[in-house]
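> Contents of input-v1.tsv (TSV, C-alpha atoms (C1' of nucleotides)) are below:
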chain	number	residue	atom	x	y	z
A	17	MET	CA	-102.70	-4.54	11.22
A	18	ALA	CA	-102.91	-1.60	13.63
A	19	PRO	CA	-99.78	0.15	12.35
A	20	ASP	CA	-100.10	2.84	15.00
A	21	PRO	CA	-99.40	1.81	18.56
A	22	GLY	CA	-99.91	5.20	20.12
A	23	THR	CA	-97.54	7.42	18.15
A	24	GLY	CA	-100.04	10.18	17.52
A	25	PRO	CA	-102.30	10.25	14.48
A	26	THR	CA	-100.60	7.52	12.48
A	27	ALA	CA	-97.15	9.07	11.98
A	28	ARG	CA	-96.19	8.98	8.34
A	29	LEU	CA	-93.59	6.42	7.45
A	30	LEU	CA	-90.95	7.03	4.82
A	31	ARG	CA	-89.26	4.63	2.49
A	32	ILE	CA	-85.56	4.81	1.99
A	33	GLY	CA	-85.74	6.79	-1.23
A	34	GLU	CA	-87.62	9.67	0.32
A	35	VAL	CA	-85.32	9.75	3.33
A	36	ALA	CA	-82.38	9.89	0.96
A	37	ARG	CA	-83.90	12.79	-0.99
A	38	ARG	CA	-84.75	14.71	2.16
A	39	CYS	CA	-81.25	14.29	3.56
A	40	GLY	CA	-79.35	14.76	0.33
A	41	VAL	CA	-77.58	11.44	0.46
A	42	SER	CA	-77.82	8.21	-1.51
A	43	THR	CA	-79.84	5.21	-0.49
A	44	ARG	CA	-76.60	3.31	-0.48
A	45	THR	CA	-75.28	5.64	2.18
A	46	LEU	CA	-78.35	5.06	4.34
A	47	ARG	CA	-78.04	1.29	4.00
A	48	TRP	CA	-74.35	1.60	4.79
A	49	TYR	CA	-75.15	3.62	7.90
A	50	GLU	CA	-77.55	0.91	8.95
A	51	GLU	CA	-74.94	-1.76	8.31
A	52	THR	CA	-72.48	0.09	10.52
A	53	GLY	CA	-75.03	0.61	13.27
A	54	LEU	CA	-75.80	4.30	12.93
A	55	LEU	CA	-79.36	3.96	11.74
A	56	GLN	CA	-82.31	1.63	12.14
A	57	PRO	CA	-85.63	1.60	10.32
A	58	VAL	CA	-88.60	1.67	12.68
A	59	SER	CA	-90.20	-1.21	10.80
A	60	SER	CA	-90.53	-2.70	7.36
A	61	THR	CA	-93.22	-3.72	4.93
A	62	GLU	CA	-94.32	-7.30	4.51
A	63	GLY	CA	-92.04	-7.56	1.53
A	64	GLY	CA	-88.97	-6.20	3.26
A	65	PHE	CA	-88.93	-2.49	2.35
A	66	ARG	CA	-87.38	-0.39	5.08
A	67	LEU	CA	-89.72	2.08	6.79
A	68	TYR	CA	-88.50	5.12	8.72
A	69	ASP	CA	-90.34	7.79	10.67
A	70	GLU	CA	-89.59	11.45	10.11
A	71	SER	CA	-87.24	11.67	13.07
A	72	VAL	CA	-84.68	9.80	11.01
A	73	VAL	CA	-84.06	12.93	8.99
A	74	ASP	CA	-82.79	14.79	12.02
A	75	ARG	CA	-80.68	11.83	12.99
A	76	VAL	CA	-79.09	11.61	9.57
A	77	GLN	CA	-78.38	15.30	9.59
A	78	ARG	CA	-76.68	15.01	12.94
A	79	ILE	CA	-74.60	12.22	11.47
A	80	LEU	CA	-73.67	14.37	8.52
A	81	ARG	CA	-72.63	17.25	10.75
A	82	LEU	CA	-70.40	15.01	12.81
A	83	ARG	CA	-69.01	13.52	9.62
A	84	ASP	CA	-68.37	16.75	7.75
A	85	SER	CA	-67.43	19.29	10.40
A	86	VAL	CA	-65.94	17.33	13.26
A	87	HIS	CA	-64.72	14.67	10.86
A	88	PHE	CA	-65.52	11.82	13.13
A	89	THR	CA	-65.26	8.39	11.63
A	90	LEU	CA	-68.55	6.54	11.35
A	91	GLU	CA	-67.46	4.38	14.24
A	92	GLU	CA	-66.94	7.40	16.45
A	93	ILE	CA	-70.29	8.76	15.34
A	94	ARG	CA	-71.91	5.46	16.18
A	95	ASP	CA	-70.40	5.55	19.65
A	96	THR	CA	-71.71	9.01	20.44
A	97	LEU	CA	-75.15	8.25	19.03
A	98	ASP	CA	-75.24	5.02	20.98
A	99	ALA	CA	-74.44	6.89	24.15
A	100	ASP	CA	-77.23	9.36	23.45
A	101	ASP	CA	-79.64	6.56	22.75
A	102	ARG	CA	-78.74	4.78	25.93
A	103	VAL	CA	-79.38	7.78	28.14
A	104	ARG	CA	-82.60	8.53	26.31
A	105	ALA	CA	-83.70	4.97	26.99
A	106	LEU	CA	-82.73	5.50	30.58
A	107	TRP	CA	-84.93	8.58	30.85
A	108	ASN	CA	-87.84	6.70	29.37
A	109	THR	CA	-87.68	3.66	31.58
A	110	ALA	CA	-88.46	4.53	35.15
A	111	GLY	CA	-87.26	2.26	37.89
A	112	GLY	CA	-84.02	0.72	38.87
A	113	ASP	CA	-81.57	1.85	41.46
A	114	PRO	CA	-81.26	5.65	41.38
A	115	ALA	CA	-77.62	5.31	42.35
A	116	GLU	CA	-76.93	3.14	39.33
A	117	ARG	CA	-78.79	5.59	37.13
A	118	ILE	CA	-76.67	8.42	38.45
A	119	ASP	CA	-73.59	6.42	37.57
A	120	VAL	CA	-74.78	6.08	34.00
A	121	VAL	CA	-75.48	9.80	33.80
A	122	ASP	CA	-72.04	10.57	35.18
A	123	GLN	CA	-70.37	8.40	32.60
A	124	TYR	CA	-72.39	10.13	29.94
A	125	LEU	CA	-71.34	13.53	31.23
A	126	ALA	CA	-67.72	12.43	31.19
A	127	ALA	CA	-68.07	11.30	27.60
A	128	LEU	CA	-69.61	14.63	26.68
A	129	ASP	CA	-66.69	16.39	28.32
A	130	ARG	CA	-64.17	14.39	26.33
A	131	GLN	CA	-66.00	15.18	23.14
A	132	GLN	CA	-66.17	18.84	23.97
A	133	GLU	CA	-62.45	18.92	24.58
A	134	LEU	CA	-61.84	17.25	21.24
A	135	VAL	CA	-64.02	19.70	19.38
A	136	LEU	CA	-62.45	22.63	21.18
A	137	ALA	CA	-59.04	21.42	20.10
A	138	LYS	CA	-60.22	21.24	16.54
A	139	ARG	CA	-61.58	24.74	16.78
A	140	ALA	CA	-58.30	25.99	18.17
A	141	GLN	CA	-56.53	24.54	15.17
A	142	LEU	CA	-58.98	26.25	12.88
A	143	ASP	CA	-58.32	29.51	14.66
A	144	ALA	CA	-54.61	29.02	14.12
A	145	VAL	CA	-55.26	28.57	10.43
A	146	LEU	CA	-57.39	31.70	10.42
A	147	ASP	CA	-54.60	33.66	12.07
A	148	GLU	CA	-52.21	32.40	9.44
A	149	LEU	CA	-54.57	33.51	6.72
A	150	ASP	CA	-54.96	36.94	8.27
A	151	GLU	CA	-51.23	37.41	8.51
A	152	LYS	CA	-50.73	36.35	4.92
A	153	ALA	CA	-53.42	38.77	3.80
A	154	ARG	CA	-51.89	41.56	5.85
A	155	ARG	CA	-48.49	41.03	4.29
A	156	ALA	CA	-49.95	40.85	0.83
A	157	GLU	CA	-51.79	44.12	1.34
A	158	VAL	CA	-48.57	45.80	2.38
A	159	ARG	CA	-46.90	44.56	-0.77
A	160	ARG	CA	-49.82	45.70	-2.80
A	161	ALA	CA	-49.50	49.20	-1.39
A	162	GLU	CA	-45.79	49.22	-2.15
A	163	LEU	CA	-46.42	48.16	-5.70
A	164	LEU	CA	-49.05	50.85	-6.02
A	165	THR	CA	-46.66	53.61	-5.02
A	166	GLU	CA	-44.07	52.08	-7.32
A	167	LEU	CA	-46.59	52.24	-10.09
A	168	VAL	CA	-47.42	55.89	-9.45
A	169	HIS	CA	-43.74	56.72	-9.16
A	170	GLY	CA	-42.91	55.05	-12.46
A	171	ALA	CA	-45.83	56.73	-14.17
A	172	SER	CA	-44.83	60.22	-12.97
A	173	GLU	CA	-41.28	59.72	-14.16
A	174	ALA	CA	-42.54	58.38	-17.51
A	175	SER	CA	-39.41	56.75	-18.96
A	176	VAL	CA	-36.11	57.79	-17.40
B	16	MET	CA	-18.38	21.30	-3.54
B	17	ALA	CA	-19.33	24.58	-1.81
B	18	PRO	CA	-22.55	23.29	-0.35
B	19	ASP	CA	-23.36	26.69	1.11
B	20	PRO	CA	-24.24	29.43	-1.35
B	21	GLY	CA	-24.94	32.16	1.19
B	22	THR	CA	-27.48	30.54	3.50
B	23	GLY	CA	-25.77	31.60	6.69
B	24	PRO	CA	-23.16	29.43	8.40
B	25	THR	CA	-23.71	26.20	6.52
B	26	ALA	CA	-27.34	25.48	7.42
B	27	ARG	CA	-27.68	21.96	8.69
B	28	LEU	CA	-29.29	19.51	6.31
B	29	LEU	CA	-31.58	16.74	7.45
B	30	ARG	CA	-32.19	13.33	5.99
B	31	ILE	CA	-35.67	12.00	5.65
B	32	GLY	CA	-35.63	9.95	8.82
B	33	GLU	CA	-34.87	12.90	11.05
B	34	VAL	CA	-37.49	15.03	9.35
B	35	ALA	CA	-39.98	12.23	9.92
B	36	ARG	CA	-39.10	12.00	13.59
B	37	ARG	CA	-39.29	15.74	14.11
B	38	CYS	CA	-42.68	15.94	12.43
B	39	GLY	CA	-44.16	12.77	13.84
B	40	VAL	CA	-44.90	11.17	10.52
B	41	SER	CA	-43.46	8.24	8.59
B	42	THR	CA	-40.82	8.54	5.90
B	43	ARG	CA	-43.33	6.99	3.55
B	44	THR	CA	-45.64	9.91	4.21
B	45	LEU	CA	-42.89	12.40	3.38
B	46	ARG	CA	-42.06	10.61	0.13
B	47	TRP	CA	-45.75	10.49	-0.67
B	48	TYR	CA	-46.03	14.23	-0.05
B	49	GLU	CA	-43.13	14.74	-2.40
B	50	GLU	CA	-44.75	12.52	-5.00
B	51	THR	CA	-47.93	14.58	-4.82
B	52	GLY	CA	-46.06	17.85	-5.04
B	53	LEU	CA	-46.30	19.15	-1.49
B	54	LEU	CA	-42.67	18.84	-0.57
B	55	GLN	CA	-39.28	19.04	-2.19
B	56	PRO	CA	-35.86	18.21	-0.75
B	57	VAL	CA	-33.41	21.09	-1.12
B	58	SER	CA	-30.80	18.71	-2.50
B	59	SER	CA	-29.55	15.17	-2.27
B	60	THR	CA	-26.38	13.28	-1.51
B	61	GLU	CA	-24.21	11.73	-4.17
B	62	GLY	CA	-25.84	8.41	-3.44
B	63	GLY	CA	-29.38	9.66	-3.76
B	64	PHE	CA	-30.39	10.40	-0.16
B	65	ARG	CA	-32.88	13.26	0.12
B	66	LEU	CA	-31.63	16.31	2.02
B	67	TYR	CA	-33.93	18.88	3.60
B	68	ASP	CA	-33.25	22.08	5.49
B	69	GLU	CA	-34.92	22.80	8.80
B	70	SER	CA	-37.64	24.94	7.24
B	71	VAL	CA	-39.21	21.76	5.97
B	72	VAL	CA	-40.40	20.98	9.47
B	73	ASP	CA	-42.58	24.07	9.55
B	74	ARG	CA	-43.87	23.28	6.11
B	75	VAL	CA	-44.82	19.75	7.05
B	76	GLN	CA	-46.55	20.99	10.16
B	77	ARG	CA	-48.55	23.45	8.13
B	78	ILE	CA	-49.50	20.55	5.87
B	79	LEU	CA	-50.58	18.50	8.85
B	80	ARG	CA	-52.70	21.31	10.22
B	81	LEU	CA	-54.47	21.75	6.91
B	82	ARG	CA	-54.91	18.00	6.68
B	83	ASP	CA	-56.14	17.36	10.21
B	84	SER	CA	-58.13	20.44	11.13
B	85	VAL	CA	-59.38	21.92	7.88
B	86	HIS	CA	-59.44	18.46	6.30
B	87	PHE	CA	-58.20	19.62	2.98
B	88	THR	CA	-57.26	16.90	0.56
B	89	LEU	CA	-53.57	16.77	-0.29
B	90	GLU	CA	-54.41	18.28	-3.65
B	91	GLU	CA	-56.09	21.26	-2.03
B	92	ILE	CA	-53.15	21.63	0.31
B	93	ARG	CA	-50.80	21.56	-2.64
B	94	ASP	CA	-52.76	24.29	-4.34
B	95	THR	CA	-52.62	26.61	-1.36
B	96	LEU	CA	-48.95	25.95	-0.75
B	97	ASP	CA	-48.24	26.52	-4.41
B	98	ALA	CA	-50.00	29.86	-4.26
B	99	ASP	CA	-47.92	30.85	-1.25
B	100	ASP	CA	-44.75	29.77	-2.97
B	101	ARG	CA	-45.60	31.75	-6.09
B	102	VAL	CA	-46.15	35.00	-4.24
B	103	ARG	CA	-43.02	34.45	-2.20
B	104	ALA	CA	-41.11	34.00	-5.42
B	105	LEU	CA	-42.73	37.16	-6.67
B	106	TRP	CA	-41.48	39.12	-3.65
B	107	ASN	CA	-37.98	37.81	-4.16
B	108	THR	CA	-37.67	38.62	-7.83
B	109	ALA	CA	-37.68	42.34	-8.42
B	110	GLY	CA	-38.63	43.66	-11.80
B	111	GLY	CA	-41.52	43.20	-14.16
B	112	ASP	CA	-44.55	45.34	-14.68
B	113	PRO	CA	-45.81	46.61	-11.29
B	114	ALA	CA	-49.36	46.50	-12.65
B	115	GLU	CA	-49.02	42.82	-13.47
B	116	ARG	CA	-47.53	42.18	-10.06
B	117	ILE	CA	-50.49	43.90	-8.45
B	118	ASP	CA	-52.78	41.62	-10.41
B	119	VAL	CA	-51.03	38.57	-9.02
B	120	VAL	CA	-51.30	39.93	-5.50
B	121	ASP	CA	-54.99	40.63	-5.98
B	122	GLN	CA	-55.65	37.11	-7.14
B	123	TYR	CA	-53.76	35.84	-4.13
B	124	LEU	CA	-55.82	38.01	-1.82
B	125	ALA	CA	-58.99	36.70	-3.41
B	126	ALA	CA	-57.84	33.12	-2.88
B	127	LEU	CA	-57.07	33.90	0.75
B	128	ASP	CA	-60.57	35.31	1.14
B	129	ARG	CA	-62.15	32.18	-0.23
B	130	GLN	CA	-60.13	30.03	2.11
B	131	GLN	CA	-61.01	32.20	5.05
B	132	GLU	CA	-64.68	31.87	4.26
B	133	LEU	CA	-64.37	28.11	4.05
B	134	VAL	CA	-62.60	27.86	7.37
B	135	LEU	CA	-65.08	30.20	9.01
B	136	ALA	CA	-67.90	27.97	7.82
B	137	LYS	CA	-66.18	24.95	9.33
B	138	ARG	CA	-65.75	26.80	12.57
B	139	ALA	CA	-69.42	27.73	12.62
B	140	GLN	CA	-70.32	24.06	12.25
B	141	LEU	CA	-68.01	23.20	15.10
B	142	ASP	CA	-69.70	25.82	17.23
B	143	ALA	CA	-73.05	24.27	16.42
B	144	VAL	CA	-71.74	20.93	17.60
B	145	LEU	CA	-70.43	22.57	20.75
B	146	ASP	CA	-73.84	24.08	21.43
B	147	GLU	CA	-75.38	20.66	21.00
B	148	LEU	CA	-72.93	19.21	23.48
B	149	ASP	CA	-73.64	21.96	25.98
B	150	GLU	CA	-77.34	21.40	25.75
B	151	LYS	CA	-76.99	17.68	26.19
B	152	ALA	CA	-74.79	18.23	29.23
B	153	ARG	CA	-77.27	20.72	30.65
B	154	ARG	CA	-80.13	18.26	30.30
B	155	ALA	CA	-78.08	15.47	31.79
B	156	GLU	CA	-77.20	17.59	34.81
B	157	VAL	CA	-80.87	18.32	35.40
B	158	ARG	CA	-81.61	14.62	35.33
B	159	ARG	CA	-78.75	13.97	37.62
B	160	ALA	CA	-80.13	16.44	40.14
B	161	GLU	CA	-83.55	14.81	39.92
B	162	LEU	CA	-82.06	11.40	40.54
B	163	LEU	CA	-80.14	12.77	43.47
B	164	THR	CA	-83.27	14.07	45.19
B	165	GLU	CA	-84.95	10.78	44.37
B	166	LEU	CA	-82.07	9.01	46.02
B	167	VAL	CA	-82.27	11.13	49.15
B	168	HIS	CA	-86.02	10.71	49.27
B	169	GLY	CA	-85.80	6.92	48.99
B	170	ALA	CA	-83.10	6.81	51.66
B	171	SER	CA	-85.10	8.88	54.15
B	172	GLU	CA	-88.11	6.59	53.73
B	173	ALA	CA	-85.95	3.49	54.14
B	174	SER	CA	-88.10	0.67	52.69
B	175	VAL	CA	-91.79	1.48	52.24
C	27	DT	C1'	-13.14	-2.99	6.77
C	28	DG	C1'	-17.28	-4.68	7.70
C	29	DA	C1'	-21.66	-4.68	9.78
C	30	DA	C1'	-25.51	-2.01	11.59
C	31	DA	C1'	-28.42	1.67	10.46
C	32	DC	C1'	-30.40	4.28	7.19
C	33	DG	C1'	-32.08	5.18	2.62
C	34	DT	C1'	-33.76	4.10	-2.37
C	35	DT	C1'	-37.27	2.50	-5.73
C	36	DC	C1'	-40.95	-0.39	-7.13
C	37	DA	C1'	-45.08	-2.75	-6.20
C	38	DC	C1'	-48.74	-4.66	-3.87
C	39	DG	C1'	-51.94	-4.39	0.39
C	40	DT	C1'	-55.26	-1.87	3.37
C	41	DC	C1'	-58.95	0.85	5.43
C	42	DC	C1'	-62.80	3.87	5.01
C	43	DA	C1'	-66.92	5.31	3.00
C	44	DC	C1'	-69.24	4.71	-0.04
C	45	DG	C1'	-70.37	4.05	-5.87
C	46	DT	C1'	-71.94	0.86	-9.20
C	47	DT	C1'	-73.89	-2.71	-11.55
C	48	DA	C1'	-76.81	-7.10	-11.49
C	49	DA	C1'	-80.59	-9.98	-10.72
C	50	DA	C1'	-84.50	-10.67	-8.21
C	51	DT	C1'	-88.50	-8.85	-5.53
C	52	DT	C1'	-92.18	-5.58	-4.11
C	53	DC	C1'	-95.29	-1.74	-4.35
C	54	DG	C1'	-98.89	1.04	-6.24
C	55	DG	C1'	-101.66	3.03	-9.95
C	56	DG	C1'	-104.56	2.05	-13.92
D	13	DC	C1'	-103.89	-8.36	-13.34
D	14	DC	C1'	-100.12	-6.02	-15.06
D	15	DC	C1'	-96.51	-2.81	-15.76
D	16	DG	C1'	-93.09	0.36	-14.41
D	17	DA	C1'	-90.87	2.47	-10.59
D	18	DA	C1'	-88.85	1.64	-6.24
D	19	DT	C1'	-86.38	-1.51	-3.28
D	20	DT	C1'	-83.85	-5.71	-1.91
D	21	DT	C1'	-79.41	-8.36	-1.29
D	22	DA	C1'	-74.91	-9.46	-2.92
D	23	DA	C1'	-70.85	-8.53	-4.83
D	24	DC	C1'	-67.26	-6.02	-6.90
D	25	DG	C1'	-65.01	-1.36	-7.87
D	26	DT	C1'	-62.89	3.15	-6.40
D	27	DG	C1'	-60.11	6.91	-4.52
D	28	DG	C1'	-57.40	8.93	-1.09
D	29	DA	C1'	-53.64	8.36	1.93
D	30	DC	C1'	-50.77	5.99	3.20
D	31	DG	C1'	-48.59	0.82	5.28
D	32	DT	C1'	-45.73	-2.93	4.26
D	33	DG	C1'	-42.50	-5.74	2.38
D	34	DA	C1'	-38.64	-7.00	-1.07
D	35	DA	C1'	-34.40	-6.28	-3.02
D	36	DC	C1'	-30.89	-3.47	-3.09
D	37	DG	C1'	-27.52	0.76	-2.43
D	38	DT	C1'	-25.30	4.28	1.05
D	39	DT	C1'	-23.37	6.13	5.53
D	40	DT	C1'	-21.33	5.80	9.63
D	41	DC	C1'	-18.55	4.33	13.04
D	42	DA	C1'	-15.97	1.16	15.92
Give the structure from the file, written as structure tokens.


Amino acid sequence: MAPDPGTGPTARLLRIGEVARRCGVSTRTLRWYEETGLLQPVSSTEGGFRLYDESVVDRVQRILRLRDSVHFTLEEIRDTLDADDRVRALWNTAGGDPAERIDVVDQYLAALDRQQELVLAKRAQLDAVLDELDEKARRAEVRRAELLTELVHGASEASV
Amino acid sequence: MAPDPGTGPTARLLRIGEVARRCGVSTRTLRWYEETGLLQPVSSTEGGFRLYDESVVDRVQRILRLRDSVHFTLEEIRDTLDADDRVRALWNTAGGDPAERIDVVDQYLAALDRQQELVLAKRAQLDAVLDELDEKARRAEVRRAELLTELVHGASEASV
DNA sequence: TGAAACGTTCACGTCCACGTTAAATTCGGG
DNA sequence: CCCGAATTTAACGTGGACGTGAACGTTTCA
């Protein structure tokens, strides 16, 4: 049934299990991500098996990064991915009022700015934590040195 | 009842509601943090009201930073706070074998190192996300410029 | 002194992001 | 054609981190 409408030399399609293995997540997670609108199989078999192309792996890994490092909720992740998808669709469909298209791009840029600010704030907090850790280590090293001299002192005086 | 055993001029004690307000969390959260071993009132009234000293505010804010930026679980937060408390207690109680005390300090330093590594990894991930954002913005700006020229072009040719 | 404001201890409810069966269906190799 | 592995939907369970009453005791202050 001509399963290749122009996407190169018949791009290999993956079933959910292989996607899961490649991404290091469970199939349940992938189905959950689909249910919450983060993911979409490119097609499915006659019998209903989900079929993905390889690009899904990158997408999932982006999701995981946003989940694990930025700690976005899945809803937030969905919003950012949706925005990306919309602009990509915009690039790919020529036509329409250029002015309107610029508007869309501007909104996208604004969204990116907000996200950047959010991430920068998170990073600042992490830096604060790092400073705290450094200071604690510094203090501990001082104490360690003190204890070391105390140890030497006690040893040289044997038992007074 | 001599409620001031040497802590300056009768340090002011706070009840849970004021602590909650100062920290921007609910009283339920504070009780929960107590229940999971992150927090401890310094004393309580005859009738059972929890009493905290002002230092609790800093402690809670440290907890919130670890919760919101590093995304430690409360259990992990408890562990790190416990470690801090143990070494602080160690500073305050003189005596004991200096060698043993050095051991404790060394373990503490090792724990700090592990934490630092973890946080650094998180920060690296954040930086990756920031790079992604920058690249997306860069691409969008290019498109925007293209659209702008397109707009000017279309305007100069009126309606062809 | 008495009522508003605050606090106490249960105990159950909730939201997120899945985990875990269960029962039925589909795919693919021999 | 058949069998076993992979997948499907549907539904219930879970764990963390609290929210939300209910029923009751405590402080405070006019």

> In Å, how far is it from CA of Asp100 (chain B) to CA of Leu135 (chain B)?

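Answer for the CA of Asp100 (chain B) to CA of Leu135 (chain B) separation: 23.6 Å.
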
> Would you give the centre and edge lengths, in Å to one decimal, of a box along x, y and z around the listed atoms of region 17-36 of chain D, with 5 Å added to each side, as AutoDock Vina command-line options?


--center_x -60.9 --center_y -0.3 --center_z -2.7 --size_x 70.0 --size_y 28.4 --size_z 25.9

> Counting all atoms listed in the file, collect the residues of chain B whose closest atom lies at most 9 Å from chain A, and write them out as JSON, numbers by chain.

{"B": [77, 80, 81, 83, 84, 85, 86, 99, 102, 106, 112, 113, 114, 116, 117, 120, 121, 123, 124, 127, 128, 130, 131, 134, 135, 137, 138, 139, 140, 141, 142, 144, 145, 148, 149, 151, 152, 155, 156, 158, 159, 160, 162, 163, 165, 166, 169]}

> Give me, as a list in words, the contact residues of chain D against chain B at a cut-off of 12 Å, counting all atoms listed in the file.

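Putting it all together, I get DG27, DG28, DA29, DC30, DG31, DT32, DG37, DT38 and DT39 of chain D.
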
> Can you work out which residues from chain C touch chain B at a cut-off of 12 Å (counting all atoms listed in the file) and hand them back as a list in words?

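That gives the following set of residues: DA31, DC32, DG33, DT34 and DT35 of chain C.
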
> Over all Cα atoms in order, fit chain A to chain B and jot down the RMSD to one decimal place.

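So the superposition leaves a C-alpha RMSD of 0.5 Å.
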
> Suppose you want the space between CA of Gln76 (chain B) and CA of Val40 (chain B); what is it in Å?

10.0 Å

> Taking the point (-56.8, 26.0, -0.6) as given in the file, collect each protein or nucleic acid residue that comes within 9 Å of it, counting all atoms listed in the file, and present the set as an mmCIF file with C-alpha atoms, keeping the file's coordinate frame.


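Wrote out-v7.cif, looks like this:
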data_model
loop_
_atom_site.group_PDB
_atom_site.id
_atom_site.type_symbol
_atom_site.label_atom_id
_atom_site.label_comp_id
_atom_site.auth_asym_id
_atom_site.auth_seq_id
_atom_site.Cartn_x
_atom_site.Cartn_y
_atom_site.Cartn_z
ATOM 1 C CA LEU B 81 -54.470 21.750 6.910
ATOM 2 C CA PHE B 87 -58.200 19.620 2.980
ATOM 3 C CA GLU B 90 -54.410 18.280 -3.650
ATOM 4 C CA GLU B 91 -56.090 21.260 -2.030
ATOM 5 C CA ILE B 92 -53.150 21.630 0.310
ATOM 6 C CA ARG B 93 -50.800 21.560 -2.640
ATOM 7 C CA ASP B 94 -52.760 24.290 -4.340
ATOM 8 C CA THR B 95 -52.620 26.610 -1.360
ATOM 9 C CA LEU B 96 -48.950 25.950 -0.750
ATOM 10 C CA ALA B 98 -50.000 29.860 -4.260
ATOM 11 C CA ALA B 126 -57.840 33.120 -2.880
ATOM 12 C CA LEU B 127 -57.070 33.900 0.750
ATOM 13 C CA ARG B 129 -62.150 32.180 -0.230
ATOM 14 C CA GLN B 130 -60.130 30.030 2.110
#

> Which residues are near DT47 (chain C)? Cut-off 10 Å, all atoms listed in the file, ignore same chain within fewer than 3 positions. Put them as a VMD selection string.

chain D and resid 23 to 25

> In Å, rounded to a single decimal, give me how far CA of Asp73 (chain B) is from CA of Arg36 (chain B).

13.2 Å

> Would you pick out the contacts of DA22 (chain D) at 12 Å or less, using all atoms listed in the file, so that residues sharing its chain but fewer than 3 positions from it are not included, and give the list as a list in words?

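Everything that qualifies: DT47, DA48, DA49 and DA50 of chain C.
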
> Nearest residue to DG28 (chain C) out of D:DC14, D:DA34, D:DT19, D:DC41, using all atoms listed in the file?

D:DC41
